Every structure is written in structure tokens, then in C-alpha cells.
>>> print(open('entry_23.txt').read())   # compact mmCIF, C-alpha atoms and all ligand atoms
# COMPACT_ATOMS: atom_id res chain seq x y z
CA MET A 17 0.00 0.00 0.00
CA VAL A 18 1.57 3.32 -1.03
CA HIS A 19 0.45 6.60 0.48
CA PHE A 20 -1.02 9.11 -1.99
CA SER A 21 1.24 11.93 -0.82
CA THR A 22 4.30 9.69 -1.18
CA ILE A 23 3.45 9.21 -4.81
CA ALA A 24 2.91 12.93 -5.31
CA LEU A 25 6.30 13.67 -3.79
CA ALA A 26 7.95 10.98 -5.89
CA LEU A 27 6.44 12.47 -9.04
CA ALA A 28 7.67 15.92 -8.04
CA SER A 29 11.19 14.72 -7.35
CA VAL A 30 11.45 12.92 -10.67
CA LEU A 31 10.40 16.09 -12.51
CA PRO A 32 11.78 19.02 -10.48
CA GLN A 33 12.07 21.34 -13.46
CA LEU A 34 8.43 20.81 -14.31
CA THR A 35 6.97 21.35 -10.87
CA GLN A 36 9.08 24.37 -9.90
CA ALA A 37 8.50 26.77 -12.76
CA THR A 38 10.78 29.77 -13.16
CA GLY A 39 9.05 32.77 -14.66
CA LEU A 40 10.47 35.61 -16.73
CA ASN A 41 10.96 38.07 -13.91
CA THR A 42 12.34 35.52 -11.47
CA ALA A 43 14.85 34.41 -14.07
CA ALA A 44 15.82 37.97 -15.06
CA VAL A 45 16.36 39.04 -11.46
CA ALA A 46 18.36 35.88 -10.74
CA LYS A 47 20.70 36.95 -13.56
CA GLY A 48 21.18 40.46 -12.17
CA LYS A 49 18.49 42.44 -14.00
CA LEU A 50 16.08 44.70 -12.11
CA TYR A 51 12.92 43.34 -13.71
CA PHE A 52 11.08 41.73 -16.55
CA GLY A 53 7.82 43.60 -17.06
CA SER A 54 4.74 44.29 -19.13
CA ALA A 55 2.73 47.30 -20.18
CA THR A 56 -0.95 47.34 -19.39
CA ASP A 57 -3.96 49.58 -19.90
CA ASN A 58 -6.97 50.44 -17.78
CA PRO A 59 -9.79 48.83 -19.80
CA GLU A 60 -8.26 45.34 -19.69
CA LEU A 61 -7.86 45.38 -15.91
CA THR A 62 -11.50 44.27 -15.59
CA ASP A 63 -10.51 40.94 -17.22
CA ALA A 64 -9.85 38.77 -14.15
CA PRO A 65 -7.69 36.04 -15.77
CA TYR A 66 -5.70 38.75 -17.55
CA LEU A 67 -5.19 40.66 -14.31
CA ALA A 68 -4.14 37.53 -12.42
CA GLN A 69 -1.35 36.81 -14.89
CA LEU A 70 -0.29 40.47 -15.04
CA SER A 71 0.00 40.41 -11.24
CA ASN A 72 2.10 37.23 -11.25
CA THR A 73 5.44 38.56 -10.10
CA ASP A 74 7.17 35.35 -11.13
CA ASP A 75 6.71 36.63 -14.69
CA PHE A 76 6.31 40.40 -14.22
CA GLY A 77 8.22 42.48 -11.71
CA GLN A 78 7.36 45.77 -13.41
CA ILE A 79 4.43 47.35 -15.21
CA THR A 80 4.03 50.41 -17.44
CA PRO A 81 0.75 52.21 -18.08
CA GLY A 82 0.24 52.11 -21.84
CA ASN A 83 -1.85 55.27 -22.02
CA ALA A 84 -2.89 56.49 -18.58
CA GLN A 85 0.02 58.87 -17.94
CA LYS A 86 0.14 60.51 -21.36
CA TRP A 87 -0.50 64.23 -21.63
CA ASP A 88 -4.05 63.88 -23.04
CA SER A 89 -4.94 61.76 -20.01
CA THR A 90 -3.17 63.69 -17.26
CA GLU A 91 -3.77 67.31 -18.36
CA PRO A 92 -6.70 67.27 -20.79
CA SER A 93 -7.23 71.01 -20.37
CA GLN A 94 -4.62 73.48 -19.34
CA ASN A 95 -3.68 73.29 -15.67
CA THR A 96 -6.46 70.79 -14.91
CA PHE A 97 -4.85 67.52 -13.95
CA SER A 98 -6.42 64.08 -13.84
CA TYR A 99 -4.65 61.14 -12.28
CA THR A 100 -7.50 58.67 -11.88
CA LYS A 101 -6.42 56.22 -14.59
CA GLY A 102 -2.72 56.53 -13.90
CA ASP A 103 -3.30 55.97 -10.19
CA VAL A 104 -5.12 52.69 -10.91
CA VAL A 105 -1.99 51.33 -12.57
CA ALA A 106 0.37 52.84 -10.00
CA ASN A 107 -1.70 51.38 -7.15
CA LEU A 108 -1.79 47.99 -8.84
CA ALA A 109 2.00 48.00 -9.14
CA ALA A 110 2.35 48.95 -5.48
CA ALA A 111 -0.15 46.29 -4.36
CA ASN A 112 1.68 43.64 -6.37
CA GLY A 113 5.14 44.80 -5.30
CA GLN A 114 6.02 45.58 -8.93
CA LYS A 115 8.20 48.41 -10.16
CA LEU A 116 6.43 51.12 -12.17
CA ARG A 117 7.93 52.60 -15.34
CA CYS A 118 6.16 55.90 -15.90
CA HIS A 119 5.31 56.83 -19.49
CA THR A 120 5.49 59.56 -20.85
CA LEU A 121 5.87 63.32 -20.28
CA VAL A 122 6.75 65.05 -23.56
CA TRP A 123 5.62 63.37 -26.79
CA HIS A 124 4.23 64.74 -30.05
CA SER A 125 1.40 62.17 -30.03
CA GLN A 126 -1.62 61.82 -27.74
CA LEU A 127 -1.38 65.50 -26.89
CA PRO A 128 -4.60 67.35 -26.02
CA ASN A 129 -5.68 69.90 -28.62
CA TRP A 130 -4.87 72.81 -26.37
CA VAL A 131 -1.20 71.82 -26.68
CA SER A 132 -0.95 70.54 -30.25
CA SER A 133 -3.11 73.30 -31.76
CA GLY A 134 -2.35 76.08 -29.32
CA THR A 135 -0.80 79.40 -30.24
CA TRP A 136 2.53 79.42 -28.51
CA THR A 137 5.60 81.49 -28.04
CA ASN A 138 8.88 80.09 -26.86
CA GLU A 139 8.18 81.39 -23.36
CA THR A 140 4.55 80.25 -23.07
CA LEU A 141 5.23 76.72 -24.30
CA ILE A 142 8.25 76.30 -22.04
CA ALA A 143 6.07 77.43 -19.13
CA ALA A 144 3.24 75.05 -20.08
CA MET A 145 5.63 72.14 -20.57
CA LYS A 146 7.41 72.76 -17.27
CA ASN A 147 4.08 73.11 -15.48
CA HIS A 148 2.93 69.78 -16.94
CA ILE A 149 6.13 67.97 -16.01
CA THR A 150 6.28 69.45 -12.52
CA ASN A 151 2.69 68.52 -11.71
CA VAL A 152 2.77 65.00 -13.09
CA VAL A 153 6.19 64.05 -11.74
CA THR A 154 5.33 65.50 -8.33
CA HIS A 155 2.08 63.53 -8.23
CA TYR A 156 3.93 60.26 -8.87
CA LYS A 157 7.00 61.17 -6.82
CA GLY A 158 8.41 58.09 -5.11
CA LYS A 159 6.21 55.73 -7.12
CA CYS A 160 8.08 55.43 -10.40
CA TYR A 161 11.31 53.59 -11.02
CA ALA A 162 11.77 55.68 -14.16
CA TRP A 163 10.08 58.33 -16.28
CA ASP A 164 10.18 58.39 -20.07
CA VAL A 165 10.73 62.16 -20.04
CA ALA A 166 10.89 62.60 -23.81
CA ASN A 167 9.47 60.16 -26.32
CA GLU A 168 10.22 59.91 -30.04
CA ALA A 169 11.90 63.28 -30.61
CA LEU A 170 13.64 62.01 -33.75
CA ASN A 171 12.95 61.35 -37.41
CA GLU A 172 14.29 58.17 -38.99
CA ASP A 173 17.36 60.03 -40.33
CA GLY A 174 18.28 61.25 -36.85
CA THR A 175 17.12 64.82 -37.33
CA TYR A 176 14.64 66.31 -34.91
CA ARG A 177 10.98 65.55 -35.39
CA ASN A 178 9.07 68.74 -36.20
CA SER A 179 6.83 68.55 -33.14
CA ILE A 180 5.14 71.53 -31.56
CA PHE A 181 7.93 71.48 -28.98
CA TYR A 182 10.78 71.50 -31.50
CA GLN A 183 9.03 74.05 -33.76
CA THR A 184 8.46 76.46 -30.90
CA ILE A 185 11.39 75.93 -28.55
CA GLY A 186 14.07 74.19 -30.62
CA GLU A 187 16.23 71.38 -29.26
CA ALA A 188 16.47 73.15 -25.91
CA TYR A 189 13.06 71.72 -25.03
CA LEU A 190 14.79 68.41 -24.33
CA PRO A 191 17.24 69.51 -21.61
CA ILE A 192 14.59 71.85 -20.21
CA ALA A 193 12.21 68.90 -19.86
CA PHE A 194 14.81 66.70 -18.17
CA ALA A 195 15.77 69.49 -15.76
CA ALA A 196 12.12 70.06 -14.82
CA ALA A 197 11.59 66.35 -14.17
CA ALA A 198 14.74 66.11 -12.03
CA ALA A 199 13.66 69.12 -9.99
CA ALA A 200 10.28 67.50 -9.25
CA ASP A 201 11.68 64.09 -8.27
CA PRO A 202 15.46 63.95 -7.85
CA ASP A 203 15.41 60.19 -7.26
CA VAL A 204 13.51 58.89 -10.28
CA LYS A 205 15.49 57.65 -13.29
CA LEU A 206 15.02 59.90 -16.32
CA TYR A 207 14.95 58.32 -19.78
CA TYR A 208 14.93 59.31 -23.42
CA ASN A 209 12.74 56.71 -25.22
CA ASP A 210 12.42 55.96 -28.94
CA TYR A 211 11.92 53.25 -31.57
CA ASN A 212 14.29 52.12 -34.33
CA ILE A 213 17.30 52.91 -32.17
CA GLU A 214 17.92 49.25 -31.28
CA SER A 215 20.79 48.87 -33.75
CA ALA A 216 23.39 51.29 -35.09
CA GLY A 217 22.27 53.87 -37.61
CA SER A 218 21.34 57.53 -38.03
CA LYS A 219 18.51 57.40 -35.55
CA ALA A 220 20.56 55.66 -32.83
CA THR A 221 23.26 58.27 -33.43
CA GLY A 222 20.59 60.94 -33.03
CA ALA A 223 19.53 59.46 -29.69
CA GLN A 224 23.17 59.52 -28.56
CA ARG A 225 23.30 63.18 -29.60
CA ILE A 226 20.26 63.89 -27.40
CA ILE A 227 21.88 62.17 -24.41
CA LYS A 228 25.02 64.28 -24.87
CA LEU A 229 22.94 67.43 -25.32
CA VAL A 230 21.13 66.90 -22.03
CA GLN A 231 24.40 66.06 -20.28
CA GLN A 232 26.13 69.16 -21.72
CA TYR A 233 23.25 71.32 -20.54
CA GLY A 234 23.98 70.02 -17.05
CA ALA A 235 20.65 68.25 -16.66
CA LYS A 236 20.21 64.74 -15.38
CA ILE A 237 19.61 61.91 -17.83
CA ASP A 238 19.89 58.38 -16.53
CA GLY A 239 18.82 56.11 -19.32
CA VAL A 240 17.79 55.39 -22.85
CA GLY A 241 14.70 53.36 -23.62
CA LEU A 242 14.77 51.16 -26.69
CA GLN A 243 11.12 50.62 -27.57
CA ALA A 244 11.85 47.55 -29.74
CA HIS A 245 8.65 47.33 -31.74
CA PHE A 246 10.05 44.65 -34.04
CA ILE A 247 8.85 42.56 -36.99
CA VAL A 248 9.38 38.80 -37.16
CA GLY A 249 12.31 38.12 -39.46
CA SER A 250 13.44 41.77 -39.51
CA THR A 251 14.45 42.00 -35.89
CA PRO A 252 18.05 43.23 -35.54
CA SER A 253 20.48 40.40 -34.87
CA GLN A 254 21.79 39.76 -31.39
CA SER A 255 25.25 41.05 -32.35
CA ALA A 256 23.79 44.22 -33.93
CA GLN A 257 21.87 44.87 -30.72
CA THR A 258 24.85 44.01 -28.53
CA SER A 259 27.15 46.53 -30.20
CA ASN A 260 24.43 49.17 -30.12
CA LEU A 261 23.92 48.66 -26.39
CA ALA A 262 27.66 49.14 -25.90
CA ALA A 263 27.54 52.48 -27.76
CA PHE A 264 24.80 53.77 -25.45
CA ALA A 265 26.47 52.37 -22.33
CA ALA A 266 29.66 54.24 -23.28
CA LEU A 267 27.76 57.48 -22.67
CA GLY A 268 27.29 56.54 -19.02
CA VAL A 269 23.56 55.85 -19.17
CA GLU A 270 21.61 52.72 -18.35
CA ILE A 271 19.48 51.07 -20.99
CA ALA A 272 16.09 49.36 -20.94
CA TYR A 273 14.02 47.61 -23.56
CA THR A 274 10.79 49.47 -22.88
CA GLU A 275 8.09 48.33 -25.35
CA LEU A 276 9.23 45.03 -26.83
CA ASP A 277 6.85 43.26 -29.20
CA ILE A 278 7.55 41.33 -32.40
CA ARG A 279 4.68 41.39 -34.86
CA MET A 280 3.99 39.28 -37.94
CA THR A 281 1.73 39.38 -40.94
CA LEU A 282 -1.34 37.34 -40.02
CA PRO A 283 -2.25 34.54 -39.95
CA SER A 284 0.44 33.20 -37.69
CA THR A 285 2.05 29.90 -38.66
CA ASP A 286 4.27 27.48 -36.76
CA ALA A 287 7.23 28.75 -38.78
CA LEU A 288 6.48 32.39 -37.92
CA LEU A 289 6.00 31.53 -34.25
CA ALA A 290 9.32 29.68 -34.21
CA LYS A 291 11.10 32.63 -35.84
CA GLN A 292 9.37 35.00 -33.44
CA SER A 293 10.68 32.90 -30.56
CA SER A 294 14.27 33.16 -31.77
CA ASP A 295 13.84 36.92 -32.40
CA TYR A 296 12.67 37.37 -28.81
CA GLN A 297 15.51 35.16 -27.59
CA ASN A 298 18.16 37.19 -29.44
CA THR A 299 16.81 40.49 -28.15
CA VAL A 300 16.63 39.37 -24.53
CA ALA A 301 20.08 37.78 -24.85
CA ALA A 302 21.50 41.13 -26.01
CA CYS A 303 20.17 42.81 -22.88
CA MET A 304 21.45 39.98 -20.69
CA ALA A 305 24.95 40.42 -22.10
CA ASN A 306 25.25 44.08 -21.08
CA THR A 307 25.36 45.00 -17.39
CA LYS A 308 23.99 48.49 -18.17
CA CYS A 309 20.80 46.98 -19.60
CA VAL A 310 18.57 46.95 -16.52
CA GLY A 311 15.38 45.32 -17.73
CA ILE A 312 12.94 44.40 -20.42
CA THR A 313 9.29 45.41 -20.75
CA ILE A 314 6.96 43.83 -23.29
CA TRP A 315 4.21 46.08 -24.66
CA ASP A 316 1.44 44.16 -22.92
CA TYR A 317 1.84 40.41 -22.65
CA THR A 318 -1.09 38.93 -24.56
CA ASP A 319 -2.22 39.23 -28.17
CA LYS A 320 -5.68 39.83 -26.74
CA TYR A 321 -4.73 43.40 -25.82
CA SER A 322 -1.85 44.23 -28.14
CA TRP A 323 -1.89 47.63 -29.81
CA VAL A 324 -0.51 46.08 -33.03
CA PRO A 325 -3.64 44.96 -34.98
CA SER A 326 -5.31 48.37 -34.66
CA THR A 327 -2.13 50.20 -35.64
CA PHE A 328 -0.55 47.99 -38.32
CA SER A 329 -3.18 46.65 -40.68
CA GLY A 330 -3.02 42.88 -41.20
CA GLN A 331 -0.38 42.37 -38.52
CA GLY A 332 -0.52 41.01 -35.00
CA ALA A 333 0.34 38.00 -32.82
CA ALA A 334 3.23 40.07 -31.46
CA LEU A 335 3.36 38.96 -27.84
CA PRO A 336 4.50 35.87 -25.90
CA TRP A 337 0.99 34.93 -24.78
CA ASP A 338 -1.78 34.31 -27.32
CA ALA A 339 -5.27 35.79 -27.15
CA ASN A 340 -6.39 32.91 -24.91
CA LEU A 341 -3.61 33.73 -22.46
CA ALA A 342 -1.71 30.57 -23.41
CA LYS A 343 2.05 30.79 -23.71
CA LYS A 344 3.51 30.78 -27.21
CA PRO A 345 6.96 29.49 -28.22
CA ALA A 346 8.26 33.04 -27.68
CA TYR A 347 7.90 32.51 -23.94
CA ALA A 348 10.32 29.58 -24.00
CA GLY A 349 12.66 31.59 -26.24
CA ILE A 350 12.79 34.40 -23.68
CA LEU A 351 13.35 31.94 -20.85
CA THR A 352 16.23 30.37 -22.74
CA ALA A 353 17.85 33.80 -23.12
CA LEU A 354 17.34 34.32 -19.39
CA GLY A 355 19.33 31.16 -18.74
CA VAL A 356 16.47 28.83 -17.89
CA THR A 357 16.66 25.50 -19.61
CA SER A 358 14.52 22.44 -19.26
CA GLY A 359 15.94 19.06 -20.15
CA THR A 360 12.71 17.33 -21.09
CA THR A 361 12.07 16.51 -24.71
CA THR A 362 9.49 13.80 -24.27
CA THR A 363 6.20 13.78 -26.07
CA THR A 364 5.19 10.56 -24.35
CA LEU A 365 2.04 10.08 -22.36
CA VAL A 366 3.44 9.17 -18.96
CA THR A 367 1.18 7.05 -16.83
CA THR A 368 1.87 6.07 -13.25
CA THR A 369 -0.39 3.60 -11.52
CA THR A 370 -0.30 3.02 -7.83
CA THR A 371 -2.46 2.28 -4.84
CA ALA A 372 -3.45 5.10 -2.56
CA SER A 373 -4.26 4.50 1.09
CA SER A 374 -5.81 7.93 1.55
CA GLY A 375 -6.56 11.03 -0.44
CA GLY A 376 -6.83 11.16 -4.19
CA ALA A 377 -9.95 11.77 -6.17
CA THR A 378 -10.87 10.87 -9.69
CA GLY A 379 -10.45 13.85 -11.94
CA ALA A 380 -8.10 15.74 -9.63
CA PRO A 381 -6.08 17.84 -12.04
CA LEU A 382 -2.33 18.02 -12.19
CA TYR A 383 -0.63 21.13 -13.44
CA GLY A 384 2.94 21.93 -14.20
CA GLN A 385 5.23 23.76 -16.53
CA CYS A 386 7.94 22.61 -18.83
CA GLY A 387 10.26 25.11 -20.48
CA GLY A 388 7.62 27.70 -19.72
CA LEU A 389 4.84 25.71 -21.37
CA ASN A 390 1.90 24.35 -19.47
CA TRP A 391 1.27 20.67 -19.08
CA THR A 392 -1.77 19.08 -17.61
CA GLY A 393 -2.66 15.64 -16.35
CA SER A 394 -5.35 13.78 -14.53
CA THR A 395 -5.93 11.40 -11.71
CA THR A 396 -8.24 8.42 -11.85
CA CYS A 397 -9.00 6.42 -8.73
CA ALA A 398 -10.98 3.19 -8.52
CA SER A 399 -11.10 0.58 -5.77
CA GLY A 400 -8.20 2.16 -3.91
CA THR A 401 -5.99 2.37 -7.00
CA CYS A 402 -5.10 5.76 -8.48
CA THR A 403 -3.67 6.32 -11.90
CA TYR A 404 -1.74 9.51 -12.55
CA ALA A 405 -1.39 10.52 -16.14
CA SER A 406 0.37 13.56 -17.46
CA GLU A 407 0.84 14.51 -21.06
CA TRP A 408 3.67 16.85 -21.90
CA TYR A 409 3.63 19.17 -24.81
CA SER A 410 5.85 18.23 -27.70
CA GLN A 411 7.30 21.77 -27.84
CA CYS A 412 8.93 21.19 -24.47
CA LEU A 413 12.53 22.26 -25.03
O1 LIG B 501 -7.74 55.67 -29.97
C1 LIG B 501 -6.66 55.75 -29.10
C2 LIG B 501 -5.64 54.71 -29.45
O2 LIG B 501 -5.08 54.96 -30.72
C3 LIG B 501 -4.51 54.72 -28.43
O3 LIG B 501 -3.62 53.70 -28.74
C4 LIG B 501 -2.41 53.73 -28.03
C5 LIG B 501 -1.33 54.40 -28.87
O4 LIG B 501 -0.11 54.34 -28.18
C6 LIG B 501 0.34 53.01 -27.87
O5 LIG B 501 1.53 53.10 -27.15
C7 LIG B 501 2.62 53.63 -27.91
C8 LIG B 501 3.17 52.58 -28.85
O6 LIG B 501 4.49 52.82 -29.25
C9 LIG B 501 5.22 53.94 -28.90
O7 LIG B 501 5.19 54.70 -30.02
C10 LIG B 501 4.79 54.77 -27.74
O8 LIG B 501 5.86 55.10 -26.88
C11 LIG B 501 3.68 54.10 -26.94
O9 LIG B 501 3.12 55.01 -26.02
C12 LIG B 501 -0.68 52.32 -26.98
O10 LIG B 501 -0.28 50.99 -26.74
C13 LIG B 501 -2.03 52.31 -27.68
O11 LIG B 501 -3.01 51.77 -26.80
O12 LIG B 501 -5.05 54.50 -27.14
C14 LIG B 501 -5.97 55.49 -26.71
C15 LIG B 501 -7.13 55.53 -27.66
O13 LIG B 501 -8.00 56.59 -27.31
>>> encode(input="entry_23.txt", output="C-alpha cells")
Amino acid sequence: MVHFSTIALALASVLPQLTQATGLNTAAVAKGKLYFGSATDNPELTDAPYLAQLSNTDDFGQITPGNAQKWDSTEPSQNTFSYTKGDVVANLAAANGQKLRCHTLVWHSQLPNWVSSGTWTNETLIAAMKNHITNVVTHYKGKCYAWDVANEALNEDGTYRNSIFYQTIGEAYLPIAFAAAAAADPDVKLYYNDYNIESAGSKATGAQRIIKLVQQYGAKIDGVGLQAHFIVGSTPSQSAQTSNLAAFAALGVEIAYTELDIRMTLPSTDALLAKQSSDYQNTVAACMANTKCVGITIWDYTDKYSWVPSTFSGQGAALPWDANLAKKPAYAGILTALGVTSGTTTTTLVTTTTTASSGGATGAPLYGQCGGLNWTGSTTCASGTCTYASEWYSQCL
């Protein structure tokens, strides 16, 4: 007669890597990073299964509000501030014990009309911008790990984007913005954030110019955010990203991947998902290889709430979890880059039959993870004999 719990323990000891899952954040922190995180947005927080996974600190040690802290949300009319939505995300991060990346203060997009279509002079726009930064940063003082102070100030060729800020103030708006943010919260990390600066080129050089400009002005700049909105098959190679990270690190700033997603032309196929997994793996590996790269944030975690399909027609499936919140091969690719390997390659249905003296119930589910992928099993008991069956996914790496 074998005790039920003895069998359960035996099963666990035979398969330790399956029963003790290591998530993305746990693995990243174990390797010296500050976090692995996800963006989120207020409407999806009413989705309980979504929220439960977002709050799982084994996978996510950091969250970023995707929209709630943008200018049109926080100061919809001049000098009238609204923090309701942003506070929901900030409070969630605090309740979960997750870091908060705050996003974003000065950006040409998602501006309220009073800013984008206002009649400005150099002096009045500087005053309005400083007032915005001071209010918002003060409100979130002590709650943010970092602020994306300026977002997307560059054209693809590395010249300045002709935003209302650049048109009216010139490049000085950048150091002025960083100085205002530092004055409001001296302890928060201050970042310049942009896309298509993840490998060397005119735009990455432009971002380096901005970092030097802010430094020469005497203002504080702590980091550069590489958005990393990539396309499957066109993602910069690991070596291209590695050398680019070194160029930024040489300026004395830290680096974060702030909005990582890797989209594909739909429908997704096994081949595209496999390539997406290796693209994710290469990107995360590049960050892992540079001590100045502090963390990685994916731009939401599930295809259910990705911004991609509504922004890039015909494209999607960009995230490591599918729309049913099931992990895709990309999850295992990221884990591999984070140094987590699982030795199991079996596709066999494993069945263990034994006799239980107590406990055990027909249908009792078994759950586990293998290389980041879920596996499930079942228990069948009859006449004091229980059969444990678990079927492992063939993708198990
Ligand atoms: O209708 C709008 C809707 O268009 C808006 O979509 C958001 C647009 O911004 C997305 O985040 C940006 C993506 O990449 C970088 O360029 C930026 O740094 C990010 O801020 C966000 O995910 C979308 O949800 O949302 C509000 C709706 O009213």
C-alpha cells in the first residue's frame, strides 16, 4: 500500500524542473536584472484572468501604463490635472510589489488639442511644458522607477521631429524637460525613449546626440529606452543589438528595452512563431549580455490586448501569450535567453499507476510547466488504485 502523498512527492522529485517553474521576472532578477515587465492599460484590468497573470510577479516584476500617464490623459485642459487612470496602474503595481515605469511626459502624439493646436511662443510653451512635467512628476513622486521624459523626438534620419515642442522651442526643449523632471523628483530615473534605435544607424546616433545634449546642458539623464517594436524576421540580430547597447552604455547611461513586441503578418504559422521565438531570444540575450541593460518590458503580454492589430493593418500576434492567455513558443525563447533550460524533450504520455491509502480523487487535475509551457494531467481512482497521467507538450525544449 503506497500513500497518496508519497506518490505525489515521488512524481515531483522525478520532474523538479516541471513542478518548480521559473518565470520571466524571477529568471531575469536571478541573472542580475532589475525586472522583466509588461505594459498594461486600464480597460483590460476588468478581465480577471488577464489581471491575475499580469500580477504574477514570477513573470512580471514591473508594469508600465500604456496610455494612462500621457498628456491627453493627465492634463486634458490646461492646468487641470487628472490622475484617476494613472493611479489605478500605480496602485496595482504597489499592491503587487512591482516596479512602475512611468510613461510619458513630452511626446508629439496623444497630446490634447490645447497643446498641439495652441498658439505658442517660446516662453509660453516652455512654461506650459514645465508646469505639466512638474505637476505630473510631483504627483507620482516616489512611485516610479523611471520616467520616459521625452518620447520619439527624432525622425528616422536622426534629425529632430518637427513637433510643436521642436518648432516652438528648438532642441532646448529636451534639456529643459529633463531638468524640470529632475527638480520635481530627484530620485527617479530619467529616460529618453524611442523606436528604431535598437541597432546602429542615423537614428541611434541621433539618440546619442540627445543624451550628450542633455548632459552638456547640465541636466540629469539616466537612461535610454529602446522601444523595440520589431517585426518577425526583420528584428536586428543579437550582435547588432549588442554593439548598439555598448555604444549607449559608453555614454554613461543605463538602458532598458521598454516596449518590446515582435509582430507578424497574419495569420500566424508554426514557422512564424518559431522565428518570433528566436527573435525574442536574441533580443533578450543582447540585454542579458550588457550589465547596463537593466530590464525588459513587453508592450502588454497577450495578443488579446496588443496595440498592433489596430495600428498595423493585417499584422498582429506580437506577444509571448496568445489571445487565450496561453504561452507561445516566444515565452520559451525568452526563458532560454534568461538562462532557464529544461531538459525534457518527451512527447510521451506518462502514466503512473499506484495504490493510494488515503486522499486522491478521480479527476483531480495536475498542473505543471515545462520550459515555460503548461502541461496538464489527470488522476483516476478506482477501488483504492489511483492512476496519474500527465501529457507533456511536444514543444517542451
Ligand atoms: O484611440 C486611441 C488609441 O489609438 C490609443 O492607442 C495607443 C497608442 O499608443 C500606444 O503606445 C505607444 C506605442 O508605441 C510607442 O510609439 C509609444 O511610446 C507608446 O506610447 C498604446 O499601446 C495604444 O493603446 O489608445 C488610446 C485611444 O483613445
>>> closest_residue(input="entry_23.txt", among="A:Glu214, A:Glu275, A:Glu270, A:Asp286", to="Ala302 in chain A", atoms="all atoms listed in the file")
A:Glu214
>>> residues_around(input="entry_23.txt", residues="Leu351 in chain A", least_positions_apart="2", cutoff="9 Å", atoms="all atoms listed in the file", output="list in words")
Thr38, Gly39, Leu40, Ala43, Ala44, Gln297, Val300, Ala346, Tyr347, Ala348, Gly349, Ala353, Leu354, Gly355, Val356, Thr357, Gly387 and Gly388 of chain A
>>> residues_near_ligand(input="entry_23.txt", ligand="ligand LIG 501 (chain B)", cutoff="7 Å", atoms="only C-alpha atoms and all ligand atoms", output="short mmCIF file (atom, residue, chain, number, x, y, z; two decimals) with C-alpha atoms, in the frame of the given file")
data_model
loop_
_atom_site.label_atom_id
_atom_site.label_comp_id
_atom_site.auth_asym_id
_atom_site.auth_seq_id
_atom_site.Cartn_x
_atom_site.Cartn_y
_atom_site.Cartn_z
CA GLY A 82 0.24 52.11 -21.84
CA ASN A 83 -1.85 55.27 -22.02
CA ASN A 167 9.47 60.16 -26.32
CA ASP A 210 12.42 55.96 -28.94
CA GLN A 243 11.12 50.62 -27.57
CA GLU A 275 8.09 48.33 -25.35
CA TRP A 315 4.21 46.08 -24.66
CA TRP A 323 -1.89 47.63 -29.81
#
>>> residues_around(input="entry_23.txt", residues="range 187-202 of chain A", least_positions_apart="4", cutoff="8 Å", atoms="only C-alpha atoms", output="short mmCIF file (atom, residue, chain, number, x, y, z; two decimals) with C-alpha atoms, in the coordinates of the input")
data_model
loop_
_atom_site.label_atom_id
_atom_site.label_comp_id
_atom_site.auth_asym_id
_atom_site.auth_seq_id
_atom_site.Cartn_x
_atom_site.Cartn_y
_atom_site.Cartn_z
CA VAL A 122 6.75 65.05 -23.56
CA ILE A 142 8.25 76.30 -22.04
CA MET A 145 5.63 72.14 -20.57
CA LYS A 146 7.41 72.76 -17.27
CA ILE A 149 6.13 67.97 -16.01
CA THR A 150 6.28 69.45 -12.52
CA VAL A 153 6.19 64.05 -11.74
CA THR A 154 5.33 65.50 -8.33
CA LYS A 157 7.00 61.17 -6.82
CA GLY A 158 8.41 58.09 -5.11
CA VAL A 165 10.73 62.16 -20.04
CA ALA A 166 10.89 62.60 -23.81
CA TYR A 176 14.64 66.31 -34.91
CA PHE A 181 7.93 71.48 -28.98
CA TYR A 182 10.78 71.50 -31.50
CA LEU A 206 15.02 59.90 -16.32
CA ILE A 226 20.26 63.89 -27.40
CA LEU A 229 22.94 67.43 -25.32
CA VAL A 230 21.13 66.90 -22.03
CA TYR A 233 23.25 71.32 -20.54
CA ALA A 235 20.65 68.25 -16.66
CA LYS A 236 20.21 64.74 -15.38
CA ILE A 237 19.61 61.91 -17.83
#
>>> residues_around(input="entry_23.txt", residues="Ala339 in chain A", least_positions_apart="5", cutoff="6 Å", atoms="only C-alpha atoms", output="list in words")
Thr318, Asp319 and Lys320 of chain A
>>> atom_distance(input="entry_23.txt", atom1="CA of Phe52 in chain A", atom2="CA of Lys86 in chain A")
22.3 Å
>>> atom_distance(input="entry_23.txt", atom1="CA of Ser293 in chain A", atom2="CA of Pro252 in chain A")
13.6 Å
>>> atom_distance(input="entry_23.txt", atom1="CA of Ala55 in chain A", atom2="CA of Pro81 in chain A")
5.7 Å
>>> residues_around(input="entry_23.txt", residues="Leu341 in chain A", least_positions_apart="4", cutoff="12 Å", atoms="all atoms listed in the file", output="PyMOL selection string")
chain A and resi 63-70+316-321+333+335-337+347+389-390
>>> closest_residue(input="entry_23.txt", among="A:Val310, A:Val104, A:Ile185, A:Leu170", to="Ser218 in chain A", atoms="all atoms listed in the file")
A:Leu170
>>> residues_around(input="entry_23.txt", residues="Tyr211 in chain A", least_positions_apart="6", cutoff="7 Å", atoms="all atoms listed in the file", output="list in words")
Leu242, Gln243, Ala244 and His245 of chain A
>>> closest_residue(input="entry_23.txt", among="A:Ala265, A:Val240, A:Ile180, A:Ala256", to="Thr135 in chain A", atoms="only C-alpha atoms")
A:Ile180
>>> axis_aligned_box(input="entry_23.txt", around="range 75-78 of chain A", padding_each_side="5 Å", output="JSON")
{"center_x": 7.3, "center_y": 41.2, "center_z": -13.2, "size_x": 11.9, "size_y": 19.1, "size_z": 13.0}
>>> closest_residue(input="entry_23.txt", among="A:Val131, A:Ala84, A:Leu50, A:Leu108", to="Asn72 in chain A", atoms="all atoms listed in the file")
A:Leu108
>>> closest_residue(input="entry_23.txt", among="A:Gly48, A:Gly77, A:Gly222, A:Gly241", to="His119 in chain A", atoms="only C-alpha atoms")
A:Gly241
